[in-house]
Amino acid sequence: MEAAAEKKAEHLLGIDLRGIASFTDGFVIATGAQRRQTQAICDAVIERLKAAGEHVGHLEGYDRGEWILLDLSDVVVHVFTPETREFYALERLWGDAPRVDGDGRDIPSELPRPARRRPRAAATPGRARPAGRSRAASRKG
């Protein structure tokens, strides 16, 4: 998480999945403001692992940069753009798992959900009418 923080990753989060998931012990989730930053965060993590003599596992999504996944077997690192992180919401998917923030502090498993934007209502002329009702009947109520 330190390598990601050095590249100004935002909203760093560790999720402990031991005893919950069989495919990994945990996730590290980070956000980069845009594609170039997510790639720089991923590059820093890989450089740090190689310098420590660690095996760098499977890498996906690097070219697009919206969601980069680095599978290190024991830990899976996810680096998202803000929109992609909000859409996939891994934090909510694994809501019961213990969490650690970027500074190593335990944080509550149940985080408040961000406010979702409501979709804009369709303009009156395009609104669907109940089946079997004419336009004139719809206007009367």
# chains A, B, ... in the order shown; residues from 1 in each chain; ligands from 1
>>> residues_around(residues="Gly19 in chain A", least_positions_apart="4", cutoff="10 Å", atoms="only C-alpha atoms", output="PyMOL selection string")
chain A and resi 24-25+97
>>> write_last_selection(atoms="C-alpha atoms", output="PDB file, in the first residue's frame")
ATOM      1  CA  THR A  24      -6.791 -14.963  -1.961  1.00  0.00           C
ATOM      2  CA  ASP A  25      -6.016 -13.688   1.523  1.00  0.00           C
ATOM      3  CA  ALA A  97     -14.603  -8.441   5.758  1.00  0.00           C
TER       4      ALA A  97
END
>>> residues_around(residues="range 51-56 of chain A", least_positions_apart="5", cutoff="10 Å", atoms="only C-alpha atoms", output="number ranges by chain")
A: 45-46, 70-73
>>> residues_around(residues="Arg85 in chain A", least_positions_apart="6", cutoff="9 Å", atoms="only C-alpha atoms", output="number ranges by chain")
A: 29-31, 66-67, 79
>>> write_last_selection(atoms="N, CA and C atoms", output="mmCIF file, in the first residue's frame")
data_model
loop_
_atom_site.group_PDB
_atom_site.id
_atom_site.type_symbol
_atom_site.label_atom_id
_atom_site.label_comp_id
_atom_site.auth_asym_id
_atom_site.auth_seq_id
_atom_site.Cartn_x
_atom_site.Cartn_y
_atom_site.Cartn_z
ATOM 1 N N ILE A 29 -7.131 -2.100 -2.520
ATOM 2 C CA ILE A 29 -7.896 -1.321 -3.491
ATOM 3 C C ILE A 29 -7.417 0.122 -3.423
ATOM 4 N N ALA A 30 -7.172 0.693 -4.601
ATOM 5 C CA ALA A 30 -6.698 2.073 -4.687
ATOM 6 C C ALA A 30 -7.386 2.759 -5.861
ATOM 7 N N THR A 31 -7.414 4.077 -5.805
ATOM 8 C CA THR A 31 -8.007 4.869 -6.880
ATOM 9 C C THR A 31 -6.977 5.852 -7.414
ATOM 10 N N GLU A 66 -8.580 1.555 -16.598
ATOM 11 C CA GLU A 66 -9.755 1.875 -15.784
ATOM 12 C C GLU A 66 -9.844 0.980 -14.547
ATOM 13 N N TRP A 67 -9.460 -0.281 -14.717
ATOM 14 C CA TRP A 67 -9.411 -1.234 -13.609
ATOM 15 C C TRP A 67 -8.214 -2.127 -13.879
ATOM 16 N N VAL A 79 -6.559 -1.430 -8.920
ATOM 17 C CA VAL A 79 -6.360 0.005 -9.058
ATOM 18 C C VAL A 79 -7.414 0.504 -10.047
#
>>> closest_residue(among="A:Val77, A:Leu59, A:Leu69, A:Leu17", to="Ala4 in chain A", atoms="only C-alpha atoms")
A:Val77
>>> atom_distance(atom1="CA of Gln34 in chain A", atom2="CA of Lys50 in chain A")
24.7 Å
>>> decode(residues="range 55-106 of chain A", atoms="C-alpha atoms", output="PDB file, in the first residue's frame")
ATOM      1  CA  HIS A  55       7.111 -12.747  -7.692  1.00  0.00           C
ATOM      2  CA  VAL A  56       4.853 -10.454  -9.711  1.00  0.00           C
ATOM      3  CA  GLY A  57       1.792 -12.424 -10.732  1.00  0.00           C
ATOM      4  CA  HIS A  58      -0.876 -11.999 -13.355  1.00  0.00           C
ATOM      5  CA  LEU A  59      -1.657  -8.485 -14.627  1.00  0.00           C
ATOM      6  CA  GLU A  60      -4.908  -7.471 -16.350  1.00  0.00           C
ATOM      7  CA  GLY A  61      -6.385  -4.204 -17.563  1.00  0.00           C
ATOM      8  CA  TYR A  62      -3.152  -2.215 -17.720  1.00  0.00           C
ATOM      9  CA  ASP A  63      -3.626  -0.889 -21.258  1.00  0.00           C
ATOM     10  CA  ARG A  64      -7.124   0.492 -20.607  1.00  0.00           C
ATOM     11  CA  GLY A  65      -6.195   1.650 -17.127  1.00  0.00           C
ATOM     12  CA  GLU A  66      -9.755   1.875 -15.784  1.00  0.00           C
ATOM     13  CA  TRP A  67      -9.411  -1.234 -13.609  1.00  0.00           C
ATOM     14  CA  ILE A  68      -5.976  -2.743 -13.262  1.00  0.00           C
ATOM     15  CA  LEU A  69      -5.821  -6.077 -11.474  1.00  0.00           C
ATOM     16  CA  LEU A  70      -2.521  -7.438 -10.207  1.00  0.00           C
ATOM     17  CA  ASP A  71      -2.902 -10.977  -8.868  1.00  0.00           C
ATOM     18  CA  LEU A  72      -0.100 -11.777  -6.442  1.00  0.00           C
ATOM     19  CA  SER A  73      -1.817 -14.969  -5.256  1.00  0.00           C
ATOM     20  CA  ASP A  74      -1.933 -14.104  -1.540  1.00  0.00           C
ATOM     21  CA  VAL A  75      -3.104 -10.563  -2.333  1.00  0.00           C
ATOM     22  CA  VAL A  76      -4.952  -9.109  -5.304  1.00  0.00           C
ATOM     23  CA  VAL A  77      -4.296  -5.430  -6.010  1.00  0.00           C
ATOM     24  CA  HIS A  78      -7.094  -3.481  -7.716  1.00  0.00           C
ATOM     25  CA  VAL A  79      -6.360   0.005  -9.058  1.00  0.00           C
ATOM     26  CA  PHE A  80      -9.427   1.852 -10.341  1.00  0.00           C
ATOM     27  CA  THR A  81     -10.396   5.158 -11.865  1.00  0.00           C
ATOM     28  CA  PRO A  82     -13.045   6.818  -9.633  1.00  0.00           C
ATOM     29  CA  GLU A  83     -15.994   6.006 -11.916  1.00  0.00           C
ATOM     30  CA  THR A  84     -15.006   2.364 -12.321  1.00  0.00           C
ATOM     31  CA  ARG A  85     -14.439   1.891  -8.592  1.00  0.00           C
ATOM     32  CA  GLU A  86     -17.863   3.334  -7.810  1.00  0.00           C
ATOM     33  CA  PHE A  87     -19.522   1.144 -10.450  1.00  0.00           C
ATOM     34  CA  TYR A  88     -18.012  -2.179  -9.304  1.00  0.00           C
ATOM     35  CA  ALA A  89     -18.046  -1.305  -5.578  1.00  0.00           C
ATOM     36  CA  LEU A  90     -15.840  -4.153  -4.341  1.00  0.00           C
ATOM     37  CA  GLU A  91     -15.984  -2.640  -0.850  1.00  0.00           C
ATOM     38  CA  ARG A  92     -19.717  -3.329  -0.686  1.00  0.00           C
ATOM     39  CA  LEU A  93     -19.379  -6.771  -2.265  1.00  0.00           C
ATOM     40  CA  TRP A  94     -17.039  -7.830   0.544  1.00  0.00           C
ATOM     41  CA  GLY A  95     -18.830  -5.723   3.163  1.00  0.00           C
ATOM     42  CA  ASP A  96     -18.374  -8.133   6.090  1.00  0.00           C
ATOM     43  CA  ALA A  97     -14.603  -8.441   5.758  1.00  0.00           C
ATOM     44  CA  PRO A  98     -12.210  -6.619   8.124  1.00  0.00           C
ATOM     45  CA  ARG A  99     -10.632  -3.506   6.603  1.00  0.00           C
ATOM     46  CA  VAL A 100      -7.512  -1.427   6.993  1.00  0.00           C
ATOM     47  CA  ASP A 101      -7.089   2.066   5.556  1.00  0.00           C
ATOM     48  CA  GLY A 102      -3.987   3.378   3.794  1.00  0.00           C
ATOM     49  CA  ASP A 103      -2.411   4.355   7.123  1.00  0.00           C
ATOM     50  CA  GLY A 104      -2.854   0.862   8.610  1.00  0.00           C
ATOM     51  CA  ARG A 105      -5.813   1.783  10.842  1.00  0.00           C
ATOM     52  CA  ASP A 106      -8.710  -0.637  11.234  1.00  0.00           C
TER      53      ASP A 106
END
